[in-house]
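Listing of run_37.cif, mmCIF, C-alpha atoms and all ligand atoms
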data_upload
loop_
_atom_site.label_atom_id
_atom_site.label_comp_id
_atom_site.auth_asym_id
_atom_site.auth_seq_id
_atom_site.Cartn_x
_atom_site.Cartn_y
_atom_site.Cartn_z
CA MET A 1 20.49 -14.33 13.07
CA ASN A 2 18.46 -17.07 14.71
CA THR A 3 16.85 -18.86 11.81
CA LEU A 4 14.63 -21.88 11.82
CA SER A 5 15.85 -25.00 10.03
CA ARG A 6 14.71 -25.67 6.48
CA ASP A 7 12.30 -28.33 7.77
CA GLN A 8 10.80 -25.97 10.31
CA LEU A 9 10.35 -23.24 7.70
CA LEU A 10 8.75 -25.66 5.26
CA ASN A 11 6.28 -27.03 7.79
CA GLU A 12 5.37 -24.25 10.24
CA GLY A 13 2.57 -22.79 8.07
CA VAL A 14 1.56 -19.26 7.12
CA VAL A 15 0.11 -18.25 10.51
CA ALA A 16 3.27 -19.20 12.40
CA LYS A 17 5.23 -17.10 9.92
CA LEU A 18 2.98 -14.09 10.52
CA LEU A 19 3.32 -14.49 14.30
CA ARG A 20 7.11 -14.55 14.04
CA TYR A 21 7.37 -11.62 11.63
CA VAL A 22 5.08 -9.26 13.56
CA GLN A 23 7.32 -9.67 16.60
CA VAL A 24 10.27 -8.22 14.67
CA ASP A 25 9.97 -4.42 14.97
CA SER A 26 10.18 -2.71 11.59
CA PRO A 27 8.17 0.53 11.45
CA SER A 28 9.20 2.97 8.74
CA SER A 29 9.39 6.72 9.43
CA SER A 30 8.24 9.68 7.43
CA GLU A 31 11.12 11.65 9.01
CA GLY A 32 13.80 9.38 7.53
CA LYS A 33 15.61 10.79 4.52
CA GLU A 34 17.14 7.52 3.33
CA VAL A 35 15.67 4.17 2.33
CA PRO A 36 15.28 2.32 4.58
CA SER A 37 13.97 5.21 6.66
CA THR A 38 14.66 3.33 9.91
CA PRO A 39 17.55 1.00 10.82
CA GLU A 40 15.04 -1.44 12.32
CA GLN A 41 13.81 -2.42 8.88
CA TRP A 42 17.16 -4.18 8.43
CA ASN A 43 15.99 -6.68 11.08
CA MET A 44 13.32 -7.94 8.71
CA ALA A 45 15.57 -7.74 5.65
CA ARG A 46 18.27 -9.84 7.33
CA LEU A 47 15.78 -12.35 8.73
CA LEU A 48 14.14 -12.85 5.33
CA GLU A 49 17.54 -13.12 3.65
CA ALA A 50 18.57 -15.83 6.12
CA GLU A 51 15.32 -17.75 5.57
CA LEU A 52 15.63 -17.57 1.78
CA LYS A 53 19.19 -18.92 2.13
CA GLU A 54 18.07 -21.72 4.42
CA LEU A 55 15.36 -22.62 1.88
CA GLY A 56 17.99 -22.74 -0.87
CA LEU A 57 16.71 -20.02 -3.19
CA GLN A 58 18.99 -18.58 -5.85
CA ASN A 59 20.22 -15.05 -6.68
CA ILE A 60 19.52 -13.88 -3.13
CA LYS A 61 20.27 -10.16 -2.99
CA VAL A 62 19.87 -7.52 -0.31
CA ASP A 63 20.76 -4.15 -1.75
CA GLU A 64 21.88 -1.03 0.12
CA HIS A 65 18.23 0.00 0.57
CA ALA A 66 17.27 -3.28 2.28
CA ILE A 67 15.34 -4.47 -0.77
CA VAL A 68 15.41 -8.27 -0.66
CA THR A 69 15.08 -10.31 -3.87
CA ALA A 70 15.55 -13.97 -4.72
CA THR A 71 14.64 -16.55 -7.36
CA LEU A 72 12.95 -19.90 -7.10
CA PRO A 73 13.81 -21.53 -10.45
CA GLY A 74 10.86 -22.83 -12.45
CA ASN A 75 10.14 -26.40 -13.44
CA VAL A 76 8.34 -25.56 -16.70
CA PRO A 77 10.79 -24.56 -19.42
CA GLY A 78 9.80 -21.35 -21.19
CA ALA A 79 7.12 -20.32 -18.67
CA PRO A 80 7.12 -16.59 -17.83
CA ALA A 81 8.82 -15.48 -14.61
CA ILE A 82 6.32 -14.12 -12.07
CA GLY A 83 7.06 -11.78 -9.18
CA LEU A 84 5.52 -12.13 -5.72
CA LEU A 85 5.98 -9.02 -3.56
CA ALA A 86 5.19 -7.74 -0.09
CA HIS A 87 6.48 -4.88 2.06
CA PHE A 88 7.96 -5.53 5.47
CA ASP A 89 7.80 -2.05 6.99
CA THR A 90 4.84 -1.22 9.21
CA TYR A 91 2.88 2.00 9.47
CA PRO A 92 4.71 4.62 11.58
CA GLY A 93 1.66 6.57 12.78
CA THR A 94 0.43 3.95 15.29
CA PRO A 95 2.66 2.31 17.96
CA GLY A 96 4.40 -0.62 16.29
CA HIS A 97 7.13 -1.74 18.71
CA GLY A 98 6.85 -4.86 20.84
CA VAL A 99 3.82 -6.33 19.05
CA LYS A 100 2.27 -9.17 21.05
CA PRO A 101 0.04 -11.16 18.72
CA ILE A 102 -3.00 -13.04 20.05
CA ILE A 103 -4.96 -15.76 18.25
CA HIS A 104 -8.69 -15.79 19.02
CA LYS A 105 -9.55 -19.33 17.95
CA GLY A 106 -12.97 -20.01 16.46
CA TYR A 107 -14.27 -16.42 16.57
CA ASN A 108 -17.85 -16.49 17.88
CA GLY A 109 -19.23 -13.41 16.11
CA GLY A 110 -19.33 -11.18 19.19
CA GLU A 111 -17.03 -8.49 20.53
CA ILE A 112 -13.31 -9.12 20.99
CA LYS A 113 -11.96 -7.20 23.95
CA LEU A 114 -8.21 -6.70 23.67
CA PRO A 115 -6.18 -6.77 26.92
CA ALA A 116 -4.84 -3.21 26.47
CA GLY A 117 -8.29 -1.70 26.02
CA PRO A 118 -9.69 -1.45 22.48
CA THR A 119 -12.61 -3.62 21.48
CA LEU A 120 -13.34 -5.06 18.05
CA SER A 121 -17.02 -5.35 17.36
CA PRO A 122 -18.82 -6.50 14.23
CA VAL A 123 -20.86 -3.27 14.44
CA SER A 124 -17.86 -0.96 13.96
CA HIS A 125 -15.88 -3.54 11.97
CA PRO A 126 -18.45 -5.19 9.66
CA ALA A 127 -15.89 -7.46 7.93
CA LEU A 128 -15.77 -9.45 11.19
CA ALA A 129 -19.23 -10.81 10.36
CA GLN A 130 -17.61 -12.67 7.46
CA VAL A 131 -15.13 -14.54 9.64
CA VAL A 132 -17.31 -16.19 12.28
CA GLY A 133 -15.66 -19.51 13.15
CA HIS A 134 -12.25 -18.34 11.88
CA ASP A 135 -9.10 -17.93 13.93
CA VAL A 136 -8.76 -14.15 14.24
CA ILE A 137 -5.32 -12.72 14.96
CA THR A 138 -4.92 -9.35 16.73
CA SER A 139 -2.34 -7.47 18.75
CA ASP A 140 -2.91 -6.96 22.47
CA GLY A 141 -4.45 -3.59 21.61
CA SER A 142 -1.46 -1.45 22.62
CA THR A 143 0.05 -1.56 19.11
CA LEU A 144 -0.95 -2.25 15.54
CA LEU A 145 -0.67 -5.90 14.49
CA GLY A 146 1.54 -5.37 11.44
CA ALA A 147 -0.44 -7.72 9.19
CA ASP A 148 0.06 -4.74 6.85
CA ASP A 149 2.09 -6.10 5.35
CA LYS A 150 3.64 -9.00 7.22
CA ALA A 151 0.59 -11.08 6.31
CA GLY A 152 1.73 -10.52 2.71
CA VAL A 153 5.34 -11.37 3.57
CA ALA A 154 4.19 -14.57 5.31
CA GLU A 155 2.01 -15.53 2.35
CA VAL A 156 4.77 -15.04 -0.21
CA MET A 157 7.24 -17.02 1.93
CA GLU A 158 4.65 -19.76 2.53
CA THR A 159 3.99 -19.96 -1.23
CA ILE A 160 7.70 -20.62 -1.75
CA CYS A 161 7.66 -23.27 1.00
CA ARG A 162 4.68 -25.08 -0.55
CA LEU A 163 6.30 -25.06 -3.98
CA LEU A 164 9.48 -26.53 -2.45
CA ARG A 165 7.51 -29.15 -0.56
CA ASP A 166 5.52 -30.22 -3.59
CA PRO A 167 7.68 -30.38 -6.74
CA ALA A 168 4.64 -31.70 -8.65
CA ILE A 169 3.20 -28.15 -8.77
CA GLN A 170 4.15 -26.69 -12.14
CA HIS A 171 5.48 -23.14 -12.17
CA GLY A 172 7.81 -20.82 -14.01
CA ALA A 173 10.58 -18.94 -12.22
CA ILE A 174 9.25 -17.15 -9.13
CA GLN A 175 10.93 -13.84 -8.36
CA VAL A 176 10.45 -12.95 -4.71
CA GLY A 177 10.66 -9.32 -3.58
CA PHE A 178 10.43 -8.05 -0.01
CA THR A 179 10.57 -4.27 0.20
CA PRO A 180 11.00 -1.49 2.79
CA ASP A 181 9.26 1.87 3.11
CA GLU A 182 5.91 1.26 1.45
CA GLU A 183 4.19 3.33 4.12
CA THR A 184 6.42 6.30 3.35
CA GLY A 185 5.94 5.79 -0.41
CA LYS A 186 9.68 5.66 -1.08
CA GLY A 187 10.70 2.00 -1.14
CA VAL A 188 9.85 0.67 -4.57
CA ALA A 189 10.99 3.80 -6.39
CA LEU A 190 14.45 2.25 -5.95
CA PHE A 191 13.37 -1.22 -7.07
CA ASP A 192 15.43 -2.58 -9.95
CA VAL A 193 12.62 -3.74 -12.22
CA LYS A 194 14.99 -4.71 -15.02
CA SER A 195 17.17 -7.10 -13.06
CA PHE A 196 14.09 -8.50 -11.25
CA GLY A 197 13.19 -9.81 -14.68
CA ALA A 198 9.53 -10.77 -14.18
CA THR A 199 6.79 -10.64 -16.84
CA ALA A 200 4.24 -9.61 -14.22
CA ALA A 201 4.15 -9.33 -10.45
CA TYR A 202 1.61 -9.21 -7.65
CA THR A 203 1.77 -7.34 -4.38
CA PHE A 204 0.07 -9.14 -1.50
CA ASP A 205 -0.98 -5.98 0.29
CA GLY A 206 -4.77 -5.86 -0.02
CA SER A 207 -7.33 -6.62 2.62
CA VAL A 208 -10.50 -8.76 2.66
CA LEU A 209 -10.93 -12.12 0.95
CA GLY A 210 -11.11 -11.96 -2.84
CA GLU A 211 -9.69 -8.49 -3.56
CA VAL A 212 -7.94 -8.06 -6.90
CA GLU A 213 -7.01 -4.41 -7.36
CA ASN A 214 -5.72 -3.04 -10.64
CA GLU A 215 -6.71 0.62 -10.63
CA ASN A 216 -5.85 3.46 -8.32
CA PHE A 217 -5.92 7.23 -8.22
CA ASN A 218 -3.89 9.54 -10.38
CA ALA A 219 -2.42 11.93 -7.87
CA LYS A 220 -0.93 15.40 -8.08
CA ASN A 221 0.20 17.24 -4.97
CA LEU A 222 0.23 21.01 -5.36
CA LYS A 223 1.95 23.70 -3.38
CA ILE A 224 0.08 26.93 -4.05
CA THR A 225 1.71 30.18 -3.00
CA ILE A 226 -0.51 33.24 -2.77
CA THR A 227 1.45 36.45 -2.38
CA GLY A 228 -0.14 39.73 -1.33
CA ARG A 229 1.25 42.92 0.14
CA ASN A 230 1.34 43.65 3.83
CA SER A 231 1.13 47.05 5.47
CA HIS A 232 0.30 48.54 8.84
CA THR A 233 -3.36 47.79 9.53
CA GLY A 234 -3.93 51.42 10.56
CA THR A 235 -2.91 52.71 7.16
CA ALA A 236 -3.88 49.67 5.09
CA LYS A 237 -6.62 51.28 3.06
CA GLY A 238 -5.73 50.98 -0.61
CA ALA A 239 -2.33 49.50 0.29
CA MET A 240 -2.77 46.05 1.81
CA ILE A 241 -3.49 42.96 -0.27
CA ASN A 242 -4.21 40.32 2.36
CA ALA A 243 -2.98 36.84 1.38
CA VAL A 244 -4.97 35.25 4.25
CA GLN A 245 -8.16 36.74 2.83
CA MET A 246 -7.34 35.48 -0.65
CA ALA A 247 -6.41 31.99 0.55
CA GLY A 248 -9.69 31.82 2.47
CA GLU A 249 -11.64 32.68 -0.65
CA PHE A 250 -9.73 30.09 -2.66
CA VAL A 251 -10.35 27.27 -0.19
CA THR A 252 -14.03 28.17 0.25
CA ALA A 253 -14.53 28.12 -3.51
CA ILE A 254 -13.40 24.50 -3.93
CA PRO A 255 -16.64 22.84 -5.09
CA ALA A 256 -18.40 21.18 -2.15
CA ASN A 257 -19.11 18.05 -4.20
CA MET A 258 -15.41 17.57 -5.04
CA ARG A 259 -13.93 17.10 -1.61
CA PRO A 260 -12.68 13.86 -0.02
CA GLU A 261 -15.43 13.99 2.58
CA THR A 262 -18.14 14.16 -0.11
CA THR A 263 -16.80 11.68 -2.69
CA VAL A 264 -16.59 7.90 -2.96
CA GLY A 265 -15.91 5.10 -5.47
CA TYR A 266 -14.72 6.46 -8.80
CA GLU A 267 -15.20 10.15 -7.88
CA GLY A 268 -12.07 12.24 -7.64
CA PHE A 269 -11.47 15.21 -5.37
CA ILE A 270 -9.66 18.49 -4.66
CA HIS A 271 -8.44 18.49 -1.07
CA ALA A 272 -7.13 21.55 0.79
CA ASP A 273 -4.69 19.61 2.94
CA SER A 274 -2.87 22.35 4.84
CA ILE A 275 -2.59 26.10 5.01
CA SER A 276 0.07 28.30 6.56
CA GLY A 277 1.31 31.84 6.35
CA GLY A 278 0.23 35.41 7.00
CA ALA A 279 -1.03 38.57 5.32
CA GLU A 280 2.08 38.82 3.15
CA GLN A 281 2.09 35.25 1.86
CA VAL A 282 0.12 32.02 2.35
CA VAL A 283 1.00 28.49 1.21
CA VAL A 284 -1.93 26.14 0.60
CA LYS A 285 -1.13 22.49 -0.03
CA VAL A 286 -3.72 20.87 -2.25
CA LEU A 287 -4.15 17.24 -3.29
CA LEU A 288 -5.78 16.45 -6.64
CA ARG A 289 -7.04 12.90 -7.12
CA ASP A 290 -8.90 11.29 -9.99
CA PHE A 291 -9.03 7.95 -11.81
CA THR A 292 -8.92 9.47 -15.31
CA ASP A 293 -6.61 11.93 -17.08
CA ASP A 294 -9.62 14.00 -18.12
CA GLY A 295 -10.87 14.20 -14.54
CA MET A 296 -7.41 15.21 -13.42
CA ALA A 297 -7.18 17.94 -16.07
CA GLN A 298 -10.63 19.20 -15.07
CA LYS A 299 -9.59 19.50 -11.43
CA GLN A 300 -6.37 21.24 -12.33
CA ALA A 301 -8.41 23.68 -14.47
CA ILE A 302 -10.74 24.44 -11.56
CA VAL A 303 -7.76 25.29 -9.35
CA ASP A 304 -6.17 27.42 -12.08
CA ASP A 305 -9.43 29.33 -12.69
CA LEU A 306 -9.93 30.02 -8.99
CA LEU A 307 -6.42 31.42 -8.72
CA LYS A 308 -6.86 33.50 -11.87
CA GLY A 309 -10.06 34.91 -10.35
CA ILE A 310 -8.14 35.95 -7.24
CA GLU A 311 -5.51 37.77 -9.29
CA LEU A 312 -8.28 39.59 -11.16
CA ARG A 313 -10.14 40.61 -7.99
CA TYR A 314 -6.97 41.62 -6.16
CA PRO A 315 -4.74 43.57 -8.56
CA GLY A 316 -1.13 43.27 -7.45
CA ALA A 317 -1.61 39.80 -5.94
CA LYS A 318 0.36 36.87 -7.32
CA THR A 319 -0.39 33.17 -7.28
CA GLN A 320 1.98 30.37 -8.12
CA VAL A 321 1.42 26.61 -8.44
CA GLU A 322 4.16 24.03 -8.01
CA VAL A 323 3.67 20.27 -8.41
CA THR A 324 5.49 18.62 -5.49
CA GLY A 325 4.61 14.97 -6.03
CA GLY A 326 2.11 12.43 -7.19
CA TYR A 327 1.57 9.07 -8.79
CA GLN A 328 -0.40 7.50 -11.61
CA ASN A 329 -3.24 5.06 -12.07
CA MET A 330 -1.66 1.66 -12.78
CA LYS A 331 -4.54 0.57 -15.02
CA ALA A 332 -3.17 2.21 -18.17
CA PHE A 333 0.23 0.57 -17.54
CA ILE A 334 -1.11 -2.99 -17.20
CA LYS A 335 -1.44 -3.66 -20.91
CA ASP A 336 -1.25 -7.46 -20.94
CA PRO A 337 -4.81 -8.60 -20.11
CA ARG A 338 -3.54 -11.90 -18.69
CA VAL A 339 -2.06 -10.11 -15.67
CA VAL A 340 -5.48 -9.34 -14.20
CA ASP A 341 -7.47 -12.10 -15.91
CA LEU A 342 -5.33 -14.90 -14.46
CA ALA A 343 -5.54 -13.35 -10.99
CA MET A 344 -9.33 -13.27 -11.23
CA GLN A 345 -9.35 -16.83 -12.50
CA ALA A 346 -7.07 -18.01 -9.68
CA VAL A 347 -9.36 -16.44 -7.08
CA ARG A 348 -12.44 -18.05 -8.67
CA GLU A 349 -10.78 -21.46 -8.91
CA CYS A 350 -10.16 -21.22 -5.16
CA GLY A 351 -13.91 -20.94 -4.67
CA VAL A 352 -13.97 -17.19 -4.00
CA GLU A 353 -15.78 -14.46 -5.93
CA PRO A 354 -13.18 -11.80 -6.86
CA ILE A 355 -13.78 -8.26 -5.61
CA SER A 356 -12.39 -5.59 -7.92
CA LYS A 357 -12.70 -2.06 -6.65
CA PRO A 358 -10.67 1.07 -7.33
CA ILE A 359 -8.05 1.97 -4.75
CA ARG A 360 -8.62 5.53 -3.51
CA GLY A 361 -4.90 5.95 -2.96
CA GLY A 362 -1.67 4.58 -4.37
CA THR A 363 0.13 1.25 -4.02
CA ASP A 364 3.66 -0.01 -4.52
CA GLY A 365 2.25 -1.95 -7.46
CA ALA A 366 1.06 1.27 -9.08
CA ARG A 367 4.58 2.66 -9.00
CA LEU A 368 6.05 -0.61 -10.29
CA SER A 369 3.47 -0.76 -13.10
CA VAL A 370 4.51 2.70 -14.26
CA MET A 371 8.14 1.55 -14.04
CA GLY A 372 7.37 -1.28 -16.45
CA LEU A 373 6.46 -4.19 -14.19
CA PRO A 374 2.66 -4.67 -14.27
CA THR A 375 1.73 -5.34 -10.64
CA PRO A 376 -1.88 -5.62 -9.42
CA ASN A 377 -2.59 -5.97 -5.70
CA LEU A 378 -4.15 -9.05 -4.09
CA PHE A 379 -5.87 -9.61 -0.74
CA THR A 380 -3.92 -10.76 2.33
CA GLY A 381 -6.76 -11.39 4.80
CA GLY A 382 -5.69 -8.48 7.05
CA VAL A 383 -8.22 -5.78 7.98
CA ASN A 384 -8.31 -2.40 9.83
CA TYR A 385 -4.79 -1.56 8.78
CA HIS A 386 -2.89 1.17 10.63
CA SER A 387 -4.90 0.78 13.83
CA ARG A 388 -4.63 -0.91 17.21
CA THR A 389 -7.62 -3.02 16.21
CA GLU A 390 -5.93 -4.36 13.08
CA TRP A 391 -6.74 -8.05 12.64
CA ALA A 392 -6.17 -10.93 10.24
CA SER A 393 -8.11 -14.10 9.54
CA ALA A 394 -5.96 -17.25 9.53
CA GLN A 395 -8.40 -18.84 7.06
CA TRP A 396 -8.24 -15.86 4.68
CA MET A 397 -4.44 -15.97 4.85
CA GLU A 398 -4.58 -19.66 3.91
CA LYS A 399 -6.79 -18.70 0.95
CA ALA A 400 -4.28 -16.04 -0.13
CA VAL A 401 -1.57 -18.74 -0.26
CA GLU A 402 -3.92 -21.03 -2.17
CA VAL A 403 -4.64 -18.23 -4.69
CA SER A 404 -0.94 -17.51 -5.04
CA LEU A 405 -0.17 -21.17 -5.81
CA ARG A 406 -3.05 -21.36 -8.27
CA LEU A 407 -1.88 -18.16 -9.93
CA VAL A 408 1.69 -19.33 -10.54
CA GLY A 409 0.20 -22.57 -11.86
CA LEU A 410 -1.99 -20.68 -14.33
CA TRP A 411 0.98 -18.61 -15.53
CA ALA A 412 3.00 -21.81 -16.06
CA ALA A 413 0.26 -23.05 -18.40
CA VAL A 414 0.09 -19.99 -20.68
CA LYS A 415 1.26 -20.54 -24.20
ZN ZN B 1 0.53 -2.22 3.12
#
The structure in this file should be written as structure tokens.
Ligand SMILES: [Zn+2]
Amino acid sequence: MNTLSRDQLLNEGVVAKLLRYVQVDSPSSSEGKEVPSTPEQWNMARLLEAELKELGLQNIKVDEHAIVTATLPGNVPGAPAIGLLAHFDTYPGTPGHGVKPIIHKGYNGGEIKLPAGPTLSPVSHPALAQVVGHDVITSDGSTLLGADDKAGVAEVMETICRLLRDPAIQHGAIQVGFTPDEETGKGVALFDVKSFGATAAYTFDGSVLGEVENENFNAKNLKITITGRNSHTGTAKGAMINAVQMAGEFVTAIPANMRPETTVGYEGFIHADSISGGAEQVVVKVLLRDFTDDGMAQKQAIVDDLLKGIELRYPGAKTQVEVTGGYQNMKAFIKDPRVVDLAMQAVRECGVEPISKPIRGGTDGARLSVMGLPTPNLFTGGVNYHSRTEWASAQWMEKAVEVSLRLVGLWAAVK
């Protein structure tokens, strides 16, 4: 593994780290059965392990799932240990091999035409209007950039470097975690929260400047099987119970104001995600999402009532609901108010107004919070994730490092 020297790592800066990391291919794959889901993710795990060694961290571990953890000992006795986390896999649905990063220095506020075709414009990407004058980093347009989440990886590593460079900064033990398979939702399920041993942790996996995210959807994924009775269409009268007909009625009856395409903010939804089958039997996959338990129960009741109605209208038909997956809102699991309060304070003390909005999805931090490690999500400065027009602001990335340093400082001062 070709690693930079300790001095180079300490002094290259957060942007240079991002540029190096995005050039190491590490897409995950929804096809993969194991974690990591792709062998390429080991490239990042081994590189990060080598860098942590070069920097002299302690307890460096890479487990069989490519989860990388390490400790930077604190210099304030008794201060709580804080985790800093980022995922190193990149989204598999957009080309992610051979990323060629480009820095557009001093962005002028106009369009950015990428060599391979796509154009970023402040009209279709309004966040660009906030970064006029910044150095904007993109791919060449043929791939994603991979700032999701290598911006986060670079920021965590840079935080460690700054703490090593400046021993005057007070901090408790910093537990570093770099994880695979966030995009497939499988990585942190295998994270050993207990041996990580942090009081609280933060994922650096958000987007625009100032984001502090501590609530996300409750999610329940349903597999609904509607079983009818098939017969020859010529002699079907009084005999056939058509599952396609019943499934159509079910999907149509999902309230129009409770669908993903008609909801926003704190509104939950019932989403008919896929449908397959024939007259004999149809499987409808349905996603329920809501921020509250009550809202979730209400949506489940709507589905149950619709299915009951079908069984009543079509005697002989059978419906069956199976829960195939889901996750929970982290908010109820972050009980210590300091976890979010100190993050907000750190952002403010860096001269930025915190933005706190609900995540209409899940995060690694949500899973970790349920597992006992309260883990809100902080901004990285990367935008347009999962696309060929993904970009990151160098100045926002610097701010993320500043916030991270401030945050560990605030935790070191708690009594
Ligand atoms: Zn991410």
Sphere at (2.5, -7.7, 3.7), radius 12 Å, counting all atoms listed in the file: residues as a count of residues only: 51
I'd like to know which of A:Val282, A:Ile302, A:Leu52, A:Ala394 is closest to Ser5 of chain A, using all atoms listed in the file.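 Smallest distance to Ser5 of chain A is found for A:Leu52.
If you measure from each of A:Val403, A:Ala366, A:Leu163, A:Ile102 to Ser139 of chain A using only C-alpha atoms, the closest one turns out to be A:Ile102.
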Restricting to all atoms listed in the file, whichever of A:Val264, A:Leu72, A:Val286, A:Val132 is closest to Ala173 of chain A is A:Leu72
Closest of A:Leu10, A:Ala272, A:Leu128, A:Ala332 to Leu288 of chain A - atom-to-atom distances counting only C-alpha atoms: A:Ala272
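Nearest-residue note for ligand ZN 1 (chain B): choosing from A:Arg406, A:His386, A:Lys308, A:Lys399, the minimum distance belongs to A:His386, counting all atoms listed in the file.
In this model, the gap between atom CA of Glu40 of chain A and atom CA of Asn59 of chain A comes to 23.9 Å.
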Near Glu213 of chain A, counting only C-alpha atoms, which residues have an atom at most 7 Å away, once you skip same-chain residues fewer than 5 positions from it, shown as a list of chain:residue names?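 Close residues of Glu213 of chain A: A:Ser356, A:Lys357, A:Pro358, A:Ile359, A:Pro376, A:Asn377, A:Leu378.
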May I ask which of the residues A:Lys61, A:Arg348, A:Arg229, A:Lys105 is the closest one to Ala317 of chain A, counting only C-alpha atoms? A:Arg229
Name the residues in contact with segment 231-238 of chain A at a cut-off of 12 Å, using all atoms listed in the file, excluding same-chain residues fewer than 4 positions from it; report them as number ranges by chain. A: 242-243, 278-280, 314-316
Between atom CA of Arg360 of chain A and atom CA of Phe217 of chain A, what distance in Å does the model show, to one decimal?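 Between these atoms lies a distance of 5.7 Å.
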